[in-house]
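Text of query_32.cif (mmCIF, C-alpha atoms and all ligand atoms) as supplied:
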```cif
data_query
loop_
_atom_site.group_PDB
_atom_site.id
_atom_site.type_symbol
_atom_site.label_atom_id
_atom_site.label_comp_id
_atom_site.auth_asym_id
_atom_site.auth_seq_id
_atom_site.Cartn_x
_atom_site.Cartn_y
_atom_site.Cartn_z
ATOM 1 C CA MET A 1 71.881 -87.702 -212.062
ATOM 2 C CA GLN A 2 73.290 -84.492 -213.473
ATOM 3 C CA ILE A 3 74.105 -81.577 -211.182
ATOM 4 C CA LEU A 4 73.451 -78.321 -213.039
ATOM 5 C CA THR A 5 74.356 -74.870 -211.787
ATOM 6 C CA SER A 6 73.416 -72.742 -214.777
ATOM 7 C CA PRO A 7 69.760 -71.685 -215.287
ATOM 8 C CA GLN A 8 70.382 -71.564 -219.062
ATOM 9 C CA GLU A 9 71.611 -75.164 -219.118
ATOM 10 C CA LEU A 10 68.651 -76.278 -217.031
ATOM 11 C CA ALA A 11 66.191 -74.526 -219.365
ATOM 12 C CA ALA A 12 67.866 -76.008 -222.478
ATOM 13 C CA LEU A 13 67.806 -79.567 -221.101
ATOM 14 C CA CYS A 14 64.154 -79.279 -220.022
ATOM 15 C CA ARG A 15 63.217 -77.812 -223.438
ATOM 16 C CA GLN A 16 64.839 -80.829 -225.104
ATOM 17 C CA TRP A 17 63.014 -83.236 -222.802
ATOM 18 C CA ARG A 18 59.637 -81.610 -223.548
ATOM 19 C CA THR A 19 60.381 -81.793 -227.301
ATOM 20 C CA ASP A 20 61.093 -85.498 -226.830
ATOM 21 C CA GLY A 21 57.667 -85.949 -225.228
ATOM 22 C CA GLU A 22 58.867 -86.293 -221.618
ATOM 23 C CA SER A 23 56.725 -84.920 -218.801
ATOM 24 C CA ILE A 24 58.744 -83.176 -216.111
ATOM 25 C CA ALA A 25 58.090 -83.171 -212.377
ATOM 26 C CA LEU A 26 59.723 -80.435 -210.286
ATOM 27 C CA VAL A 27 60.463 -80.555 -206.561
ATOM 28 C CA PRO A 28 61.686 -77.145 -205.335
ATOM 29 C CA THR A 29 63.708 -77.365 -202.093
ATOM 30 C CA MET A 30 66.151 -75.440 -199.934
ATOM 31 C CA GLY A 31 68.168 -78.555 -199.110
ATOM 32 C CA TYR A 32 69.301 -80.233 -195.862
ATOM 33 C CA TYR A 33 67.109 -83.170 -196.714
ATOM 34 C CA HIS A 34 65.053 -85.278 -194.337
ATOM 35 C CA ALA A 35 62.412 -87.919 -194.966
ATOM 36 C CA GLY A 36 59.865 -85.184 -195.812
ATOM 37 C CA HIS A 37 61.944 -84.073 -198.795
ATOM 38 C CA GLU A 38 62.434 -87.689 -199.812
ATOM 39 C CA SER A 39 58.668 -88.200 -199.900
ATOM 40 C CA LEU A 40 58.296 -85.103 -202.151
ATOM 41 C CA MET A 41 60.936 -86.530 -204.499
ATOM 42 C CA ALA A 42 59.339 -89.976 -204.471
ATOM 43 C CA ARG A 43 56.007 -88.394 -205.428
ATOM 44 C CA GLY A 44 57.733 -86.349 -208.146
ATOM 45 C CA ARG A 45 59.290 -89.536 -209.484
ATOM 46 C CA GLU A 46 55.795 -91.080 -209.753
ATOM 47 C CA CYS A 47 54.288 -88.011 -211.429
ATOM 48 C CA GLY A 48 56.774 -87.379 -214.250
ATOM 49 C CA SER A 49 59.015 -89.265 -216.625
ATOM 50 C CA LYS A 50 61.814 -86.830 -215.650
ATOM 51 C CA LEU A 51 62.451 -85.466 -212.162
ATOM 52 C CA VAL A 52 64.131 -82.120 -211.503
ATOM 53 C CA VAL A 53 64.978 -81.231 -207.896
ATOM 54 C CA SER A 54 66.109 -77.677 -207.201
ATOM 55 C CA LEU A 55 68.236 -76.834 -204.183
ATOM 56 C CA PHE A 56 68.472 -73.131 -203.473
ATOM 57 C CA VAL A 57 68.378 -71.273 -200.153
ATOM 58 C CA ASN A 58 66.375 -68.416 -201.603
ATOM 59 C CA PRO A 59 67.540 -65.168 -199.969
ATOM 60 C CA THR A 60 64.453 -63.143 -200.900
ATOM 61 C CA GLN A 61 62.151 -65.198 -198.671
ATOM 62 C CA PHE A 62 64.187 -64.457 -195.516
ATOM 63 C CA GLY A 63 63.557 -61.296 -193.507
ATOM 64 C CA PRO A 64 66.504 -59.172 -192.291
ATOM 65 C CA ASN A 65 66.577 -60.836 -188.834
ATOM 66 C CA GLU A 66 65.946 -64.383 -189.999
ATOM 67 C CA ASP A 67 68.254 -67.392 -190.362
ATOM 68 C CA LEU A 68 69.495 -67.052 -193.979
ATOM 69 C CA ALA A 69 73.180 -67.288 -193.004
ATOM 70 C CA ALA A 70 72.602 -70.042 -190.431
ATOM 71 C CA TYR A 71 70.236 -72.130 -192.585
ATOM 72 C CA PRO A 72 71.730 -75.654 -192.487
ATOM 73 C CA ARG A 73 73.484 -76.776 -195.665
ATOM 74 C CA ASP A 74 75.038 -80.085 -196.779
ATOM 75 C CA HIS A 75 75.143 -80.293 -200.565
ATOM 76 C CA GLU A 76 77.118 -83.515 -200.723
ATOM 77 C CA ARG A 77 74.672 -85.459 -198.570
ATOM 78 C CA ASP A 78 71.713 -83.818 -200.339
ATOM 79 C CA ALA A 79 73.068 -84.863 -203.741
ATOM 80 C CA ALA A 80 73.378 -88.476 -202.548
ATOM 81 C CA ILE A 81 69.751 -88.414 -201.343
ATOM 82 C CA ALA A 82 68.413 -86.842 -204.549
ATOM 83 C CA ARG A 83 70.313 -89.460 -206.553
ATOM 84 C CA LYS A 84 68.883 -92.247 -204.384
ATOM 85 C CA GLN A 85 65.374 -90.860 -204.958
ATOM 86 C CA GLY A 86 65.872 -91.054 -208.717
ATOM 87 C CA ALA A 87 66.270 -87.361 -209.614
ATOM 88 C CA ASP A 88 67.484 -86.829 -213.188
ATOM 89 C CA VAL A 89 68.764 -83.345 -212.379
ATOM 90 C CA LEU A 90 69.721 -81.601 -209.165
ATOM 91 C CA PHE A 91 69.764 -77.871 -209.889
ATOM 92 C CA ILE A 92 71.993 -75.917 -207.491
ATOM 93 C CA PRO A 93 72.177 -72.440 -209.020
ATOM 94 C CA GLU A 94 75.583 -70.802 -208.939
ATOM 95 C CA ASP A 95 75.961 -67.607 -206.899
ATOM 96 C CA GLY A 96 74.219 -64.671 -208.508
ATOM 97 C CA ALA A 97 72.447 -66.805 -211.125
ATOM 98 C CA MET A 98 68.911 -66.384 -209.783
ATOM 99 C CA TYR A 99 68.891 -62.672 -208.918
ATOM 100 C CA ALA A 100 70.613 -59.892 -210.827
ATOM 101 C CA PRO A 101 72.015 -57.206 -208.520
ATOM 102 C CA ASP A 102 69.248 -54.858 -209.713
ATOM 103 C CA HIS A 103 66.471 -57.488 -209.661
ATOM 104 C CA ALA A 104 63.197 -55.582 -209.454
ATOM 105 C CA THR A 105 60.335 -57.901 -210.471
ATOM 106 C CA TRP A 106 58.186 -59.642 -207.866
ATOM 107 C CA VAL A 107 55.296 -62.075 -207.868
ATOM 108 C CA GLU A 108 52.827 -61.699 -205.006
ATOM 109 C CA VAL A 109 49.465 -63.011 -203.823
ATOM 110 C CA PRO A 110 49.069 -60.329 -201.159
ATOM 111 C CA ASP A 111 45.669 -61.181 -199.681
ATOM 112 C CA MET A 112 46.685 -64.752 -198.905
ATOM 113 C CA ALA A 113 50.129 -63.734 -197.660
ATOM 114 C CA ARG A 114 49.013 -61.266 -194.985
ATOM 115 C CA GLY A 115 47.857 -63.688 -192.254
ATOM 116 C CA LEU A 116 49.332 -66.798 -190.582
ATOM 117 C CA CYS A 117 53.108 -66.919 -191.254
ATOM 118 C CA GLY A 118 52.848 -63.778 -193.374
ATOM 119 C CA ALA A 119 51.942 -61.654 -190.337
ATOM 120 C CA SER A 120 55.404 -62.094 -188.783
ATOM 121 C CA ARG A 121 57.223 -62.737 -192.119
ATOM 122 C CA PRO A 122 55.895 -59.945 -194.338
ATOM 123 C CA ILE A 123 58.184 -60.498 -197.340
ATOM 124 C CA HIS A 124 58.392 -64.275 -197.116
ATOM 125 C CA PHE A 125 55.696 -65.331 -199.593
ATOM 126 C CA ARG A 126 56.679 -62.682 -202.124
ATOM 127 C CA GLY A 127 60.139 -64.287 -202.150
ATOM 128 C CA VAL A 128 58.664 -67.799 -202.371
ATOM 129 C CA CYS A 129 56.293 -66.925 -205.245
ATOM 130 C CA THR A 130 59.035 -65.115 -207.138
ATOM 131 C CA VAL A 131 61.558 -67.955 -206.948
ATOM 132 C CA VAL A 132 58.929 -70.619 -207.671
ATOM 133 C CA MET A 133 57.760 -68.651 -210.713
ATOM 134 C CA LYS A 134 61.377 -68.449 -211.931
ATOM 135 C CA LEU A 135 61.733 -72.237 -211.515
ATOM 136 C CA PHE A 136 58.434 -72.797 -213.342
ATOM 137 C CA TRP A 137 59.731 -70.726 -216.248
ATOM 138 C CA LEU A 138 63.086 -72.530 -216.399
ATOM 139 C CA VAL A 139 61.713 -76.070 -216.071
ATOM 140 C CA GLN A 140 58.131 -75.709 -217.389
ATOM 141 C CA PRO A 141 57.123 -78.792 -215.416
ATOM 142 C CA ALA A 142 53.866 -80.694 -215.871
ATOM 143 C CA VAL A 143 53.727 -81.266 -212.090
ATOM 144 C CA ALA A 144 55.320 -79.557 -209.083
ATOM 145 C CA VAL A 145 55.334 -81.094 -205.610
ATOM 146 C CA PHE A 146 55.117 -79.205 -202.291
ATOM 147 C CA GLY A 147 54.671 -80.291 -198.668
ATOM 148 C CA GLN A 148 51.541 -79.979 -196.558
ATOM 149 C CA LYS A 149 53.564 -78.752 -193.564
ATOM 150 C CA ASP A 150 53.860 -75.389 -195.345
ATOM 151 C CA TRP A 151 50.100 -75.284 -195.953
ATOM 152 C CA GLN A 152 49.997 -71.542 -196.574
ATOM 153 C CA GLN A 153 52.811 -71.825 -199.121
ATOM 154 C CA GLN A 154 51.081 -74.522 -201.176
ATOM 155 C CA ALA A 155 47.725 -72.672 -201.008
ATOM 156 C CA ILE A 156 49.378 -69.458 -202.253
ATOM 157 C CA ILE A 157 51.208 -71.283 -205.032
ATOM 158 C CA ARG A 158 47.955 -72.934 -206.139
ATOM 159 C CA ARG A 159 46.352 -69.476 -206.338
ATOM 160 C CA MET A 160 49.325 -68.037 -208.237
ATOM 161 C CA VAL A 161 49.142 -70.922 -210.722
ATOM 162 C CA ARG A 162 45.410 -70.445 -211.186
ATOM 163 C CA ASP A 163 45.586 -66.666 -211.489
ATOM 164 C CA MET A 164 48.493 -66.717 -213.948
ATOM 165 C CA ASN A 165 47.152 -69.662 -216.025
ATOM 166 C CA ILE A 166 50.374 -71.611 -215.507
ATOM 167 C CA PRO A 167 50.001 -75.082 -217.061
ATOM 168 C CA VAL A 168 51.355 -77.013 -214.060
ATOM 169 C CA ARG A 169 49.572 -79.351 -211.645
ATOM 170 C CA ILE A 170 50.375 -78.760 -207.984
ATOM 171 C CA GLU A 171 50.696 -81.873 -205.833
ATOM 172 C CA THR A 172 50.659 -81.539 -202.052
ATOM 173 C CA GLN A 173 52.271 -84.325 -200.051
ATOM 174 C CA PRO A 174 51.354 -85.202 -196.430
ATOM 175 C CA THR A 175 53.709 -84.000 -193.698
ATOM 176 C CA MET A 176 56.337 -86.517 -192.606
ATOM 177 C CA ARG A 177 56.657 -86.770 -188.836
ATOM 178 C CA GLU A 178 59.119 -88.029 -186.263
ATOM 179 C CA ALA A 179 57.938 -91.053 -184.233
ATOM 180 C CA ASP A 180 56.642 -88.667 -181.519
ATOM 181 C CA GLY A 181 54.558 -86.625 -183.992
ATOM 182 C CA LEU A 182 56.837 -83.593 -184.481
ATOM 183 C CA ALA A 183 56.700 -82.419 -188.111
ATOM 184 C CA MET A 184 60.053 -82.970 -189.806
ATOM 185 C CA SER A 185 61.858 -79.720 -190.629
ATOM 186 C CA SER A 186 65.406 -78.736 -191.488
ATOM 187 C CA ARG A 187 65.095 -76.167 -188.682
ATOM 188 C CA ASN A 188 64.457 -78.766 -185.946
ATOM 189 C CA VAL A 189 68.244 -79.001 -185.522
ATOM 190 C CA TYR A 190 68.243 -75.573 -183.830
ATOM 191 C CA MET A 191 66.366 -76.935 -180.765
ATOM 192 C CA THR A 192 68.015 -77.797 -177.461
ATOM 193 C CA GLU A 193 67.326 -81.216 -175.930
ATOM 194 C CA ALA A 194 64.704 -79.795 -173.573
ATOM 195 C CA GLU A 195 62.938 -77.899 -176.371
ATOM 196 C CA ARG A 196 62.992 -80.957 -178.609
ATOM 197 C CA ALA A 197 61.480 -83.063 -175.804
ATOM 198 C CA GLN A 198 58.534 -80.658 -175.459
ATOM 199 C CA ALA A 199 58.033 -79.864 -179.143
ATOM 200 C CA PRO A 200 55.676 -82.824 -179.917
ATOM 201 C CA GLN A 201 53.121 -81.218 -177.576
ATOM 202 C CA MET A 202 52.463 -78.771 -180.384
ATOM 203 C CA ARG A 203 50.978 -81.579 -182.440
ATOM 204 C CA GLN A 204 49.110 -82.963 -179.410
ATOM 205 C CA GLY A 205 47.388 -79.579 -179.049
ATOM 206 C CA LEU A 206 46.301 -79.566 -182.689
ATOM 207 C CA GLU A 207 45.030 -83.122 -182.398
ATOM 208 C CA LEU A 208 43.008 -82.115 -179.342
ATOM 209 C CA ALA A 209 41.330 -79.403 -181.468
ATOM 210 C CA ARG A 210 40.548 -81.939 -184.170
ATOM 211 C CA ARG A 211 38.975 -84.320 -181.648
ATOM 212 C CA LEU A 212 36.838 -81.497 -180.254
ATOM 213 C CA ALA A 213 35.768 -80.462 -183.784
ATOM 214 C CA GLN A 214 34.871 -84.026 -184.626
ATOM 215 C CA ALA A 215 32.829 -84.251 -181.441
ATOM 216 C CA GLY A 216 30.778 -81.282 -182.674
ATOM 217 C CA GLU A 217 32.578 -78.104 -181.540
ATOM 218 C CA THR A 218 32.312 -75.534 -184.331
ATOM 219 C CA SER A 219 33.471 -72.324 -182.611
ATOM 220 C CA ALA A 220 36.957 -71.303 -183.765
ATOM 221 C CA ALA A 221 37.460 -69.241 -180.594
ATOM 222 C CA ARG A 222 36.628 -72.175 -178.309
ATOM 223 C CA LEU A 223 38.867 -74.540 -180.269
ATOM 224 C CA ARG A 224 41.695 -72.040 -180.106
ATOM 225 C CA ASP A 225 41.226 -71.517 -176.333
ATOM 226 C CA ALA A 226 41.315 -75.263 -175.711
ATOM 227 C CA VAL A 227 44.652 -75.567 -177.528
ATOM 228 C CA LEU A 228 46.141 -72.531 -175.793
ATOM 229 C CA ARG A 229 45.148 -73.937 -172.388
ATOM 230 C CA TYR A 230 46.728 -77.271 -173.292
ATOM 231 C CA TRP A 231 49.947 -75.611 -174.452
ATOM 232 C CA ALA A 232 50.109 -73.407 -171.348
ATOM 233 C CA GLU A 233 50.466 -76.634 -169.337
ATOM 234 C CA GLN A 234 52.357 -78.899 -171.701
ATOM 235 C CA LEU A 235 54.501 -76.535 -173.782
ATOM 236 C CA PRO A 236 55.960 -73.976 -171.346
ATOM 237 C CA LEU A 237 59.144 -73.546 -173.427
ATOM 238 C CA GLY A 238 57.078 -72.517 -176.468
ATOM 239 C CA ARG A 239 56.438 -68.863 -177.379
ATOM 240 C CA LEU A 240 53.355 -68.483 -179.540
ATOM 241 C CA ASP A 241 53.665 -66.719 -182.888
ATOM 242 C CA TYR A 242 50.108 -67.514 -184.030
ATOM 243 C CA LEU A 243 47.331 -70.083 -183.744
ATOM 244 C CA SER A 244 44.512 -69.541 -186.242
ATOM 245 C CA VAL A 245 41.495 -71.266 -187.713
ATOM 246 C CA VAL A 246 41.111 -70.498 -191.406
ATOM 247 C CA ASP A 247 39.449 -71.790 -194.549
ATOM 248 C CA ALA A 248 41.900 -74.343 -195.957
ATOM 249 C CA ASP A 249 41.651 -73.017 -199.529
ATOM 250 C CA THR A 250 41.225 -69.247 -199.193
ATOM 251 C CA LEU A 251 43.064 -68.907 -195.837
ATOM 252 C CA GLU A 252 40.328 -66.473 -194.706
ATOM 253 C CA PRO A 253 39.900 -66.542 -190.886
ATOM 254 C CA LEU A 254 36.819 -68.494 -189.733
ATOM 255 C CA ASP A 255 34.577 -67.773 -186.740
ATOM 256 C CA SER A 256 32.902 -71.125 -187.062
ATOM 257 C CA LEU A 257 33.893 -74.249 -188.967
ATOM 258 C CA ASN A 258 32.634 -74.526 -192.542
ATOM 259 C CA GLY A 259 33.688 -78.050 -193.526
ATOM 260 C CA ARG A 260 37.126 -76.854 -194.738
ATOM 261 C CA GLY A 261 38.475 -75.598 -191.416
ATOM 262 C CA LEU A 262 42.233 -75.696 -190.951
ATOM 263 C CA MET A 263 44.010 -74.917 -187.691
ATOM 264 C CA ALA A 264 47.533 -73.624 -188.354
ATOM 265 C CA CYS A 265 50.201 -72.461 -185.942
ATOM 266 C CA ALA A 266 53.759 -71.287 -185.470
ATOM 267 C CA VAL A 267 55.541 -71.551 -182.135
ATOM 268 C CA HIS A 268 59.055 -70.424 -181.271
ATOM 269 C CA MET A 269 61.035 -73.066 -179.388
ATOM 270 C CA GLY A 270 64.288 -71.263 -178.576
ATOM 271 C CA LYS A 271 65.990 -70.533 -181.912
ATOM 272 C CA SER A 272 63.546 -72.716 -183.880
ATOM 273 C CA ARG A 273 60.250 -71.491 -185.226
ATOM 274 C CA ILE A 274 58.089 -74.563 -185.683
ATOM 275 C CA ILE A 275 55.015 -74.611 -187.905
ATOM 276 C CA ASP A 276 52.279 -77.197 -188.196
ATOM 277 C CA ASN A 277 48.624 -77.458 -189.204
ATOM 278 C CA ILE A 278 45.682 -79.828 -189.093
ATOM 279 C CA LEU A 279 42.459 -80.165 -191.040
ATOM 280 C CA LEU A 280 39.766 -80.050 -188.367
ATOM 281 C CA GLN A 281 37.114 -81.863 -190.364
ATOM 282 C CA ASP A 282 37.375 -84.732 -192.835
HETATM 283 O O1 LIG B 1 59.490 -74.859 -199.066
HETATM 284 C C1 LIG B 1 60.641 -74.494 -199.383
HETATM 285 O O2 LIG B 1 61.628 -75.181 -199.111
HETATM 286 C C2 LIG B 1 60.824 -73.177 -200.105
HETATM 287 O O3 LIG B 1 59.936 -72.217 -199.641
HETATM 288 C C3 LIG B 1 60.740 -73.297 -201.631
HETATM 289 C C4 LIG B 1 59.370 -73.763 -202.086
HETATM 290 C C5 LIG B 1 61.806 -74.282 -202.114
HETATM 291 C C6 LIG B 1 61.021 -71.947 -202.293
HETATM 292 O O4 LIG B 1 62.280 -71.467 -201.968
#
```
Starting from the file, lay out its structure as structure tokens.
Amino acid sequence: MQILTSPQELAALCRQWRTDGESIALVPTMGYYHAGHESLMARGRECGSKLVVSLFVNPTQFGPNEDLAAYPRDHERDAAIARKQGADVLFIPEDGAMYAPDHATWVEVPDMARGLCGASRPIHFRGVCTVVMKLFWLVQPAVAVFGQKDWQQQAIIRRMVRDMNIPVRIETQPTMREADGLAMSSRNVYMTEAERAQAPQMRQGLELARRLAQAGETSAARLRDAVLRYWAEQLPLGRLDYLSVVDADTLEPLDSLNGRGLMACAVHMGKSRIIDNILLQD
């Protein structure tokens, strides 16, 4: 595995690979790998003859009061994991390589970025789309792999790809979970022991909504109320950011389920903001 830090070198190598008839899979990441990242890389390995993993804590997707400085980092361990997963290149851009000091060009899908996580993180998806577009230009992958835990992110990237006619296939991988159901996240390390012990109740609440939907409940308001009641009892350390029922593709809020209903949430547990989602119908 090569570790590249220069965008120009990455672009030149990928250009050569494409000329040689290779098909490239890209897995964009911010590092501090857990089994969820490994499953994205494993899928990337299956989808392309060459695998590029990028590792970049993208500053433009963090708001002014968010955890950019504290975001956990361990490049040495990450490199060992990417190597184990069969990456051909780990791209860790050198400081200043991705954004010029007077960077002024942004990629946005505003309608899909306003709700859910976008409501409390107004610049987040603009930063995500911009950095992902840059990576798409540098690598020009045939396939790019994202995780289902960040449902809104993958839905927005799919729309960006469609709207901009980018010749890349987006693969979405199922969320990897701890044994107790908590979605794996690099940010789980911020939780105290007590918060971590309660955190799986988030998933239990979403699963309750899915059971109710499968038993015939179609009202988004009633499903939401049932989860909030459950959390009030079982998740007292949690502070709700949002709990919404939306169309899984368009992310438009739903009053009643339409066959593609997704319940998505974010809950603050101390210093951690935990997100998760569930498809309410098969
Ligand atoms: O999901 C992430 O880790 C990031 O949002 C991404 C896609 C790597 C862009 O910085």
Exercise for the section: Name the residues captured by the PyMOL selection byres (((chain A and resi 219) around 7) and not hetatm) when it is applied to the shown file; answer as a PyMOL selection string. Expected result: chain A and resi 217-218+220-223+255-257
Handout entry: Proximity to Glu46 of chain A - best of A:Thr5, A:Thr29, A:Thr105, A:Ser23, only C-alpha atoms
Key = A:Ser23
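Comparing A:Leu135, A:His124, A:Glu233, A:Ser39 by their smallest distance to Phe56 of chain A, the closest is A:Leu135 (using all atoms listed in the file).
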What lies within 7 Å of Ala266 of chain A using only C-alpha atoms, ignoring chain neighbours under 3 positions off, as a PDB file with C-alpha atoms, keeping the file's coordinate frame?
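Once everything was written out, this is part_23.pdb:
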```pdb
ATOM      1  CA  LEU A 240      53.355 -68.483-179.540  1.00  0.00           C
ATOM      2  CA  ASP A 241      53.665 -66.719-182.888  1.00  0.00           C
ATOM      3  CA  TYR A 242      50.108 -67.514-184.030  1.00  0.00           C
ATOM      4  CA  LEU A 243      47.331 -70.083-183.744  1.00  0.00           C
ATOM      5  CA  ARG A 273      60.250 -71.491-185.226  1.00  0.00           C
ATOM      6  CA  ILE A 274      58.089 -74.563-185.683  1.00  0.00           C
ATOM      7  CA  ILE A 275      55.015 -74.611-187.905  1.00  0.00           C
ATOM      8  CA  ASP A 276      52.279 -77.197-188.196  1.00  0.00           C
TER       9      ASP A 276
END
```
Within 7 Å of ligand LIG 1 (chain B), which residues of chain A come that close, and what is the closest atom pair and distance in Å for each? Count only C-alpha atoms and all ligand atoms and give it as JSON lines.
```
{"residue": "A:Pro28", "atom": "CA", "partner": "B:LIG1", "partner_atom": "C5", "distance": 4.3}
{"residue": "A:Thr29", "atom": "CA", "partner": "B:LIG1", "partner_atom": "C5", "distance": 3.6}
{"residue": "A:Met30", "atom": "CA", "partner": "B:LIG1", "partner_atom": "O2", "distance": 4.6}
{"residue": "A:Phe56", "atom": "CA", "partner": "B:LIG1", "partner_atom": "O4", "distance": 6.6}
{"residue": "A:Val57", "atom": "CA", "partner": "B:LIG1", "partner_atom": "O4", "distance": 6.4}
{"residue": "A:Asn58", "atom": "CA", "partner": "B:LIG1", "partner_atom": "O4", "distance": 5.1}
{"residue": "A:Val128", "atom": "CA", "partner": "B:LIG1", "partner_atom": "C6", "distance": 4.8}
{"residue": "A:Val131", "atom": "CA", "partner": "B:LIG1", "partner_atom": "O4", "distance": 6.1}
{"residue": "A:Val132", "atom": "CA", "partner": "B:LIG1", "partner_atom": "C6", "distance": 5.9}
{"residue": "A:Phe146", "atom": "CA", "partner": "B:LIG1", "partner_atom": "C4", "distance": 6.9}
{"residue": "A:Asp150", "atom": "CA", "partner": "B:LIG1", "partner_atom": "O1", "distance": 6.8}
```
